[in-house]
file my_file.txt (compact mmCIF, C-alpha atoms and all ligand atoms)
# COMPACT_ATOMS: atom_id res chain seq x y z
CA MET A 1 -0.50 120.05 43.11
CA ALA A 2 -0.02 116.33 42.44
CA LYS A 3 0.86 114.28 45.48
CA PRO A 4 4.44 112.98 45.53
CA LYS A 5 5.21 109.29 45.12
CA ILE A 6 7.32 108.26 48.08
CA LEU A 7 9.58 105.26 48.79
CA VAL A 8 10.45 104.51 52.42
CA THR A 9 13.39 102.15 53.08
CA GLY A 10 13.71 100.32 56.41
CA ALA A 11 9.96 100.83 56.74
CA CYS A 12 9.35 97.93 59.16
CA GLY A 13 11.49 99.48 61.91
CA GLN A 14 10.67 101.52 64.99
CA ILE A 15 10.43 104.83 63.13
CA GLY A 16 9.46 103.58 59.66
CA THR A 17 6.28 101.89 60.85
CA ILE A 18 4.95 105.14 62.30
CA LEU A 19 6.35 107.37 59.55
CA VAL A 20 4.65 105.34 56.79
CA LYS A 21 1.33 105.65 58.64
CA ASN A 22 1.74 109.43 58.79
CA LEU A 23 2.91 109.78 55.18
CA ARG A 24 -0.05 107.71 53.98
CA GLU A 25 -2.47 109.92 55.89
CA LEU A 26 -0.92 112.95 54.20
CA TYR A 27 -0.34 111.68 50.66
CA GLY A 28 -2.63 108.64 50.27
CA GLU A 29 -1.95 104.94 50.78
CA ASP A 30 -1.00 104.15 47.18
CA ASN A 31 1.49 107.04 46.97
CA VAL A 32 3.69 105.70 49.77
CA ILE A 33 5.64 102.52 49.00
CA ALA A 34 6.92 100.83 52.15
CA SER A 35 10.05 98.69 51.72
CA ASP A 36 12.37 96.74 53.96
CA ILE A 37 14.78 93.81 53.76
CA ARG A 38 12.16 91.79 55.64
CA THR A 39 10.11 89.53 53.41
CA THR A 40 6.81 90.37 55.00
CA GLY A 41 5.78 93.88 55.82
CA THR A 42 2.99 94.50 58.28
CA TYR A 43 1.41 96.83 55.77
CA ASP A 44 -1.98 96.82 54.09
CA GLY A 45 -0.83 99.24 51.38
CA PRO A 46 1.98 98.82 48.82
CA TYR A 47 5.00 96.94 50.18
CA GLU A 48 8.18 95.74 48.45
CA GLN A 49 11.07 93.71 49.78
CA LEU A 50 14.21 95.79 49.19
CA ASP A 51 17.75 95.31 50.43
CA VAL A 52 19.20 98.81 50.08
CA THR A 53 22.58 97.40 49.04
CA ASP A 54 20.84 96.04 45.90
CA SER A 55 20.99 99.04 43.56
CA ASN A 56 19.34 97.18 40.64
CA LYS A 57 16.22 96.46 42.66
CA LEU A 58 16.22 100.00 44.05
CA PHE A 59 16.41 101.53 40.58
CA TYR A 60 13.75 99.12 39.31
CA LEU A 61 11.34 100.15 42.07
CA ILE A 62 11.95 103.85 41.44
CA SER A 63 10.98 103.34 37.77
CA LYS A 64 8.09 101.01 38.53
CA TYR A 65 6.40 103.43 40.93
CA GLN A 66 7.67 106.71 39.39
CA ILE A 67 9.15 107.68 42.76
CA ASP A 68 9.70 111.40 43.54
CA GLN A 69 11.00 111.23 47.11
CA ILE A 70 12.84 108.71 49.29
CA TYR A 71 12.87 108.51 53.08
CA HIS A 72 15.98 106.40 53.62
CA LEU A 73 15.61 104.83 57.08
CA ALA A 74 17.31 101.44 56.56
CA ALA A 75 20.37 101.09 58.79
CA ILE A 76 22.00 98.95 61.45
CA LEU A 77 21.93 100.88 64.73
CA SER A 78 24.58 101.60 67.37
CA ALA A 79 24.48 98.62 69.74
CA LYS A 80 23.64 95.99 67.10
CA GLY A 81 26.22 97.47 64.71
CA GLU A 82 29.13 96.72 67.03
CA ALA A 83 28.55 92.96 66.61
CA ASN A 84 29.69 93.12 62.98
CA PRO A 85 31.37 96.41 62.03
CA VAL A 86 32.14 95.64 58.37
CA PHE A 87 28.61 94.34 57.72
CA THR A 88 27.20 97.48 59.40
CA TRP A 89 29.43 99.79 57.35
CA ASN A 90 28.35 98.06 54.15
CA ILE A 91 24.63 98.48 54.80
CA ASN A 92 24.80 101.97 56.26
CA MET A 93 27.25 103.38 53.72
CA ASN A 94 26.60 101.54 50.47
CA GLY A 95 22.87 101.71 51.13
CA LEU A 96 23.08 105.50 51.33
CA LEU A 97 25.33 105.78 48.27
CA ASN A 98 22.79 103.77 46.27
CA ILE A 99 20.04 106.15 47.37
CA LEU A 100 22.10 109.24 46.52
CA GLU A 101 23.04 107.80 43.11
CA ALA A 102 19.37 107.05 42.50
CA ALA A 103 18.44 110.62 43.48
CA ARG A 104 21.00 111.98 41.00
CA ASN A 105 20.23 109.63 38.12
CA TYR A 106 16.45 109.72 38.43
CA ASP A 107 16.35 113.42 39.30
CA LEU A 108 14.35 112.82 42.48
CA ASP A 109 12.74 115.84 44.18
CA LYS A 110 13.96 115.15 47.70
CA VAL A 111 15.64 112.61 49.96
CA PHE A 112 15.41 112.32 53.75
CA TYR A 113 18.41 110.88 55.60
CA PRO A 114 18.25 110.38 59.38
CA SER A 115 21.52 110.95 61.18
CA THR A 116 22.09 110.62 64.90
CA ILE A 117 23.72 111.93 68.07
CA ALA A 118 26.06 108.91 67.65
CA VAL A 119 28.13 111.01 65.21
CA PHE A 120 29.53 112.86 68.23
CA GLY A 121 32.42 111.57 70.35
CA GLN A 122 34.82 112.33 73.18
CA LEU A 123 36.10 115.55 71.58
CA THR A 124 32.57 116.97 71.29
CA PRO A 125 31.29 119.23 74.10
CA ARG A 126 28.70 117.03 75.81
CA VAL A 127 26.39 119.72 77.14
CA ASN A 128 24.43 121.84 74.65
CA THR A 129 26.47 120.23 71.84
CA PRO A 130 26.89 122.79 69.06
CA GLN A 131 25.70 122.31 65.48
CA HIS A 132 29.22 122.06 64.03
CA PRO A 133 31.57 120.64 66.69
CA ASN A 134 34.49 118.26 66.38
CA ILE A 135 33.02 114.98 65.16
CA THR A 136 34.93 111.88 66.30
CA PRO A 137 32.42 109.01 66.54
CA GLU A 138 33.38 105.86 68.42
CA THR A 139 30.98 103.26 67.01
CA VAL A 140 30.84 101.93 63.47
CA TYR A 141 27.27 103.23 63.39
CA GLY A 142 28.42 106.75 64.30
CA ILE A 143 31.31 106.60 61.84
CA SER A 144 28.98 105.55 59.03
CA LYS A 145 26.40 108.24 59.84
CA ALA A 146 29.08 110.96 60.07
CA ALA A 147 30.44 109.89 56.68
CA GLY A 148 26.85 109.73 55.42
CA GLU A 149 26.19 113.34 56.46
CA ASN A 150 29.22 114.42 54.45
CA TRP A 151 28.13 112.40 51.43
CA CYS A 152 24.74 114.12 51.61
CA GLN A 153 26.42 117.53 51.58
CA TYR A 154 28.67 116.39 48.70
CA TYR A 155 25.75 115.25 46.54
CA HIS A 156 23.92 118.47 47.30
CA LYS A 157 26.87 120.69 46.36
CA ARG A 158 28.11 118.68 43.41
CA TYR A 159 24.87 117.34 41.89
CA ASN A 160 22.24 119.60 43.46
CA VAL A 161 20.51 116.62 45.12
CA ASP A 162 18.01 118.00 47.65
CA VAL A 163 18.84 115.71 50.54
CA ARG A 164 17.76 116.82 54.01
CA SER A 165 18.82 115.40 57.34
CA VAL A 166 18.31 115.63 61.10
CA ARG A 167 20.35 114.07 63.89
CA TYR A 168 17.69 112.22 65.86
CA PRO A 169 18.30 111.81 69.58
CA GLY A 170 17.08 108.55 71.18
CA ILE A 171 13.54 108.02 69.89
CA ILE A 172 10.92 106.79 72.36
CA SER A 173 7.74 105.03 71.26
CA TRP A 174 5.14 102.74 72.75
CA GLU A 175 3.60 101.29 69.56
CA THR A 176 6.81 100.04 67.94
CA LEU A 177 9.88 98.37 69.39
CA PRO A 178 13.40 99.74 68.88
CA GLY A 179 15.89 97.82 66.77
CA GLY A 180 19.17 97.68 68.71
CA GLY A 181 20.23 101.21 69.69
CA THR A 182 21.90 102.46 72.88
CA THR A 183 18.84 104.48 73.94
CA ASP A 184 16.41 101.52 73.68
CA TYR A 185 16.16 101.36 77.49
CA ALA A 186 13.86 104.39 77.43
CA VAL A 187 11.29 102.35 75.50
CA ASP A 188 11.76 99.07 77.43
CA ILE A 189 11.41 100.80 80.79
CA TYR A 190 7.79 101.80 80.09
CA LEU A 191 6.84 98.35 78.78
CA LYS A 192 8.37 96.60 81.81
CA ALA A 193 6.97 99.16 84.26
CA VAL A 194 3.44 98.41 83.08
CA ALA A 195 3.90 94.63 82.63
CA GLU A 196 6.11 93.77 85.65
CA GLY A 197 6.49 96.88 87.81
CA LYS A 198 10.29 96.62 87.64
CA TYR A 199 13.16 97.15 85.23
CA THR A 200 16.87 96.34 85.07
CA CYS A 201 18.68 99.10 83.22
CA TYR A 202 21.84 98.49 81.16
CA LEU A 203 22.97 102.11 81.68
CA ASP A 204 24.13 103.76 84.93
CA LYS A 205 21.50 105.74 86.78
CA ASP A 206 23.14 109.11 86.07
CA THR A 207 23.72 108.67 82.32
CA ARG A 208 22.08 111.70 80.75
CA LEU A 209 21.14 111.49 77.06
CA PRO A 210 19.08 113.58 74.64
CA MET A 211 15.74 111.93 73.82
CA MET A 212 12.60 112.61 71.78
CA TYR A 213 9.06 111.23 71.76
CA MET A 214 8.02 109.62 68.46
CA PRO A 215 5.37 112.23 67.54
CA ASP A 216 8.06 114.93 67.71
CA ALA A 217 10.45 112.81 65.59
CA ILE A 218 7.74 112.48 62.92
CA LYS A 219 6.95 116.20 63.19
CA ALA A 220 10.63 117.11 62.66
CA THR A 221 10.90 114.74 59.71
CA LEU A 222 7.83 116.09 57.93
CA GLU A 223 8.68 119.71 58.74
CA ILE A 224 12.21 119.61 57.36
CA MET A 225 10.98 117.79 54.25
CA ASN A 226 8.26 120.36 53.64
CA ALA A 227 10.35 123.47 54.36
CA PRO A 228 11.22 125.71 51.40
CA LYS A 229 14.48 124.58 49.82
CA GLU A 230 16.24 127.88 50.47
CA ASN A 231 15.61 127.51 54.24
CA ILE A 232 17.73 124.35 54.43
CA LYS A 233 21.13 125.85 55.06
CA VAL A 234 22.81 122.93 56.83
CA ARG A 235 23.40 120.21 54.26
CA THR A 236 25.19 117.77 56.54
CA SER A 237 22.56 117.27 59.27
CA TYR A 238 20.65 119.42 61.78
CA ASN A 239 20.81 118.94 65.55
CA ILE A 240 17.26 118.62 66.92
CA GLY A 241 16.51 118.52 70.64
CA ALA A 242 13.43 117.89 72.75
CA MET A 243 14.35 116.65 76.24
CA ASP A 244 17.22 115.04 78.13
CA PHE A 245 17.12 112.82 81.20
CA THR A 246 18.89 110.06 83.12
CA PRO A 247 17.52 106.56 83.85
CA ALA A 248 16.95 107.69 87.46
CA GLU A 249 14.88 110.68 86.28
CA ILE A 250 12.67 108.69 83.89
CA ALA A 251 12.15 106.09 86.65
CA ALA A 252 11.12 108.86 89.07
CA GLU A 253 8.62 110.18 86.51
CA ILE A 254 7.14 106.69 85.99
CA SER A 255 6.89 106.24 89.78
CA LYS A 256 4.46 109.16 89.96
CA THR A 257 1.92 106.96 88.10
CA ILE A 258 3.19 103.52 89.20
CA PRO A 259 4.31 104.12 92.83
CA ASN A 260 5.68 100.59 93.36
CA PHE A 261 7.89 100.72 90.27
CA ARG A 262 11.44 99.52 90.99
CA ILE A 263 14.58 99.98 88.92
CA ASP A 264 18.05 98.51 89.31
CA TYR A 265 21.20 98.99 87.24
CA GLN A 266 23.49 96.51 85.51
CA PRO A 267 25.56 98.54 83.03
CA ASP A 268 26.90 96.61 80.01
CA PHE A 269 28.90 97.57 76.88
CA ARG A 270 26.28 100.17 75.96
CA GLN A 271 27.37 102.32 78.93
CA ALA A 272 30.66 103.16 77.15
CA ILE A 273 28.77 104.09 73.97
CA ALA A 274 26.37 106.34 75.89
CA ALA A 275 29.28 107.97 77.74
CA SER A 276 30.72 109.17 74.42
CA TRP A 277 27.44 110.84 73.37
CA PRO A 278 26.07 114.31 74.26
CA GLU A 279 23.86 114.97 77.27
CA SER A 280 21.96 117.66 75.37
CA VAL A 281 22.19 119.32 71.96
CA ASN A 282 21.94 122.87 70.74
CA ASP A 283 19.32 123.00 67.99
CA ASP A 284 19.25 126.75 67.32
CA ALA A 285 20.05 126.25 63.62
CA ALA A 286 16.98 124.02 63.09
CA ARG A 287 14.80 126.44 65.06
CA ILE A 288 15.98 129.44 63.03
CA ASP A 289 16.16 127.85 59.57
CA TRP A 290 12.92 125.84 59.43
CA GLY A 291 11.10 126.61 62.66
CA TRP A 292 11.78 123.45 64.68
CA THR A 293 10.07 123.30 68.11
CA PRO A 294 9.34 120.08 70.01
CA LYS A 295 6.02 119.53 71.73
CA TYR A 296 6.72 116.86 74.35
CA ASP A 297 8.78 117.00 77.56
CA LEU A 298 9.42 114.05 79.88
CA LYS A 299 6.23 114.50 81.90
CA MET A 300 3.90 114.89 78.89
CA MET A 301 5.52 111.93 77.17
CA THR A 302 5.32 109.69 80.24
CA ASP A 303 1.65 110.52 80.82
CA ASP A 304 0.84 109.79 77.18
CA ILE A 305 2.78 106.52 77.01
CA LEU A 306 1.42 105.11 80.29
CA LYS A 307 -2.14 106.08 79.35
CA ASN A 308 -1.79 104.27 76.00
CA LEU A 309 -0.02 101.19 77.39
CA ARG A 310 -2.62 100.72 80.09
CA LYS A 311 -5.52 100.81 77.59
N1 LIG B 401 15.45 104.95 66.80
C1 LIG B 401 16.33 105.86 67.20
O1 LIG B 401 16.43 106.16 68.39
C2 LIG B 401 17.19 106.55 66.18
C3 LIG B 401 18.05 107.57 66.61
C4 LIG B 401 18.87 108.19 65.68
C5 LIG B 401 18.80 107.84 64.34
N2 LIG B 401 17.95 106.84 63.94
C6 LIG B 401 17.95 106.49 62.52
O2 LIG B 401 16.63 106.38 62.03
C7 LIG B 401 16.53 105.33 61.07
C8 LIG B 401 15.44 104.37 61.46
O3 LIG B 401 15.74 103.86 62.76
P1 LIG B 401 14.82 102.80 63.51
O4 LIG B 401 14.92 103.09 64.94
O5 LIG B 401 13.48 102.71 62.87
O6 LIG B 401 15.66 101.48 63.22
P2 LIG B 401 15.18 99.95 63.28
O7 LIG B 401 16.37 99.13 63.56
O8 LIG B 401 13.98 99.82 64.15
O9 LIG B 401 14.71 99.73 61.77
C9 LIG B 401 15.62 99.64 60.72
C10 LIG B 401 14.98 98.82 59.62
O10 LIG B 401 15.93 98.68 58.56
C11 LIG B 401 15.79 97.37 58.03
N3 LIG B 401 17.01 96.97 57.35
C12 LIG B 401 18.17 96.51 57.88
N4 LIG B 401 19.04 96.23 56.90
C13 LIG B 401 18.44 96.55 55.73
C14 LIG B 401 18.84 96.49 54.38
N5 LIG B 401 20.03 96.02 54.01
N6 LIG B 401 17.96 96.90 53.43
C15 LIG B 401 16.73 97.37 53.78
N7 LIG B 401 16.29 97.42 55.05
C16 LIG B 401 17.15 97.03 56.02
C17 LIG B 401 15.47 96.49 59.23
O11 LIG B 401 14.82 95.29 58.83
C18 LIG B 401 14.58 97.41 60.05
O12 LIG B 401 13.21 97.19 59.81
C19 LIG B 401 17.92 104.68 61.01
O13 LIG B 401 18.61 105.18 59.90
C20 LIG B 401 18.58 105.13 62.28
O14 LIG B 401 19.96 105.24 62.13
C21 LIG B 401 17.15 106.20 64.83
call {"tool": "encode", "arguments": {"input": "my_file.txt", "output": "structure tokens"}}
result
Amino acid sequence: MAKPKILVTGACGQIGTILVKNLRELYGEDNVIASDIRTTGTYDGPYEQLDVTDSNKLFYLISKYQIDQIYHLAAILSAKGEANPVFTWNINMNGLLNILEAARNYDLDKVFYPSTIAVFGQLTPRVNTPQHPNITPETVYGISKAAGENWCQYYHKRYNVDVRSVRYPGIISWETLPGGGTTDYAVDIYLKAVAEGKYTCYLDKDTRLPMMYMPDAIKATLEIMNAPKENIKVRTSYNIGAMDFTPAEIAAEISKTIPNFRIDYQPDFRQAIAASWPESVNDDAARIDWGWTPKYDLKMMTDDILKNLRK
């Protein structure tokens, strides 16, 4: 079978950088077009500057490269988004609508849309959050992603667009830096532990959040995109879980390898955002429908990250 031609938006970000690498290994460098609003990509292979609110350029690139699939990662994340809510809404919402319109008009095979645990809010059960709870997000980011999930379902039902989505928890990586989310501390803590042996955390020590190591995030993304169409029964977005921990627990895990590691706590505005999010999610639907299982827990992830950072 011919390899698909893929466009990735927001490809210079924390997840996009790693996802493009993986997609290129699978489908070939020239079949995966990386794009971002940034003028210079860090890519050797095909790269295009694309602001996702610019539908003309988006449609032009789809024709130019004969695109079959889009992984639509471009967004403004939770913490950064609060600085300018209307700007954030515009990029997150109109960007997605442009992608969905492109999928409909160009008859694309598939679209991937990452949602987030930020869609949940105070009315959502915080422990083992169900797949279809009350959704009352409290950040503009969460509001835009919740609306986005519903738009995905709408385009699927009304136009048969095959758009697939997962609600990522906080994604932890050591190769790429996060772009302004509320869970970024769980990346910074490893970098500071290795570089300085200490870390000041902007969340309280007991703030429990669902998290996932980057290899599992990529695994979930590729697995849902490669599952048979009839297996995708949730057309808003699937909960996916891997691990959950507090800042105190991740610090304790790091201390097993770096015994002198010290952490202190200075909560800022991100504490209120985190307090409105789940502590853990129920991902039974993803497990049953397309076989989701994570590989990494906190210990395995910590060992892997510290080994790589110390190289
Ligand atoms: N990282 C996480 O923990 C996490 C958790 C849940 C969901 N997600 C979702 O995954 C996706 C990728 O997240 P990430 O962590 O890589 O984010 P990031 O902030 O690291 O990267 C986002 C990228 O989008 C680009 N961008 C911003 N505005 C743009 C525009 N108008 N047009 C095109 N590109 C634009 C930025 O330059 C950046 O490179 C996002 O949709 C995000 O909501 C991420």
call {"tool": "residues_near_ligand", "arguments": {"input": "my_file.txt", "ligand": "ligand LIG 401 (chain B)", "cutoff": "6 Å", "atoms": "only C-alpha atoms and all ligand atoms", "output": "JSON, numbers by chain"}}
result
{"A": [9, 10, 11, 12, 13, 14, 15, 16, 36, 37, 38, 50, 51, 52, 53, 73, 74, 75, 76, 77, 91, 114, 115, 116, 168, 169, 170, 171, 178, 179]}
call {"tool": "closest_residue", "arguments": {"input": "my_file.txt", "among": "A:Thr183, A:Thr88, A:Asn231, A:Asn22", "to": "Pro215 of chain A", "atoms": "only C-alpha atoms"}}
result
A:Asn22
call {"tool": "residues_around", "arguments": {"input": "my_file.txt", "residues": "Arg287 of chain A", "least_positions_apart": "4", "cutoff": "10 Å", "atoms": "all atoms listed in the file", "output": "PDB file with C-alpha atoms, in the coordinates of the input"}}
result
ATOM      1  CA  TYR A 238      20.650 119.420  61.780  1.00  0.00           C
ATOM      2  CA  ASN A 239      20.810 118.940  65.550  1.00  0.00           C
ATOM      3  CA  ILE A 240      17.260 118.620  66.920  1.00  0.00           C
ATOM      4  CA  GLY A 241      16.510 118.520  70.640  1.00  0.00           C
ATOM      5  CA  ASN A 282      21.940 122.870  70.740  1.00  0.00           C
ATOM      6  CA  ASP A 283      19.320 123.000  67.990  1.00  0.00           C
ATOM      7  CA  GLY A 291      11.100 126.610  62.660  1.00  0.00           C
ATOM      8  CA  TRP A 292      11.780 123.450  64.680  1.00  0.00           C
ATOM      9  CA  THR A 293      10.070 123.300  68.110  1.00  0.00           C
ATOM     10  CA  PRO A 294       9.340 120.080  70.010  1.00  0.00           C
TER      11      PRO A 294
END
call {"tool": "atom_distance", "arguments": {"input": "my_file.txt", "atom1": "atom CA of Ile189 of chain A", "atom2": "atom CA of Ala274 of chain A"}}
result
16.7 Å
call {"tool": "closest_residue", "arguments": {"input": "my_file.txt", "among": "A:Asp244, A:Asp216, A:Glu279, A:Glu25", "to": "Ala118 of chain A", "atoms": "all atoms listed in the file"}}
result
A:Glu279
call {"tool": "residues_around", "arguments": {"input": "my_file.txt", "residues": "Trp277 of chain A", "least_positions_apart": "4", "cutoff": "8 Å", "atoms": "all atoms listed in the file", "output": "list in words"}}
result
Ile117, Ala118, Phe120, Gly121, Gln122, Arg126, Leu209 and Ile273 of chain A
call {"tool": "closest_residue", "arguments": {"input": "my_file.txt", "among": "A:Leu26, A:Ile254, A:Val163, A:Ile18", "to": "Tyr213 of chain A", "atoms": "only C-alpha atoms"}}
result
A:Ile18
call {"tool": "residues_near_point", "arguments": {"input": "my_file.txt", "point": "(11.7, 116.3, 81.7)", "cutoff": "7 Å", "atoms": "all atoms listed in the file", "output": "PyMOL selection string"}}
result
chain A and resi 243-245+297-299
call {"tool": "closest_residue", "arguments": {"input": "my_file.txt", "among": "A:Val119, A:Val194, A:Ile224, A:Ile70", "to": "Leu100 of chain A", "atoms": "only C-alpha atoms"}}
result
A:Ile70
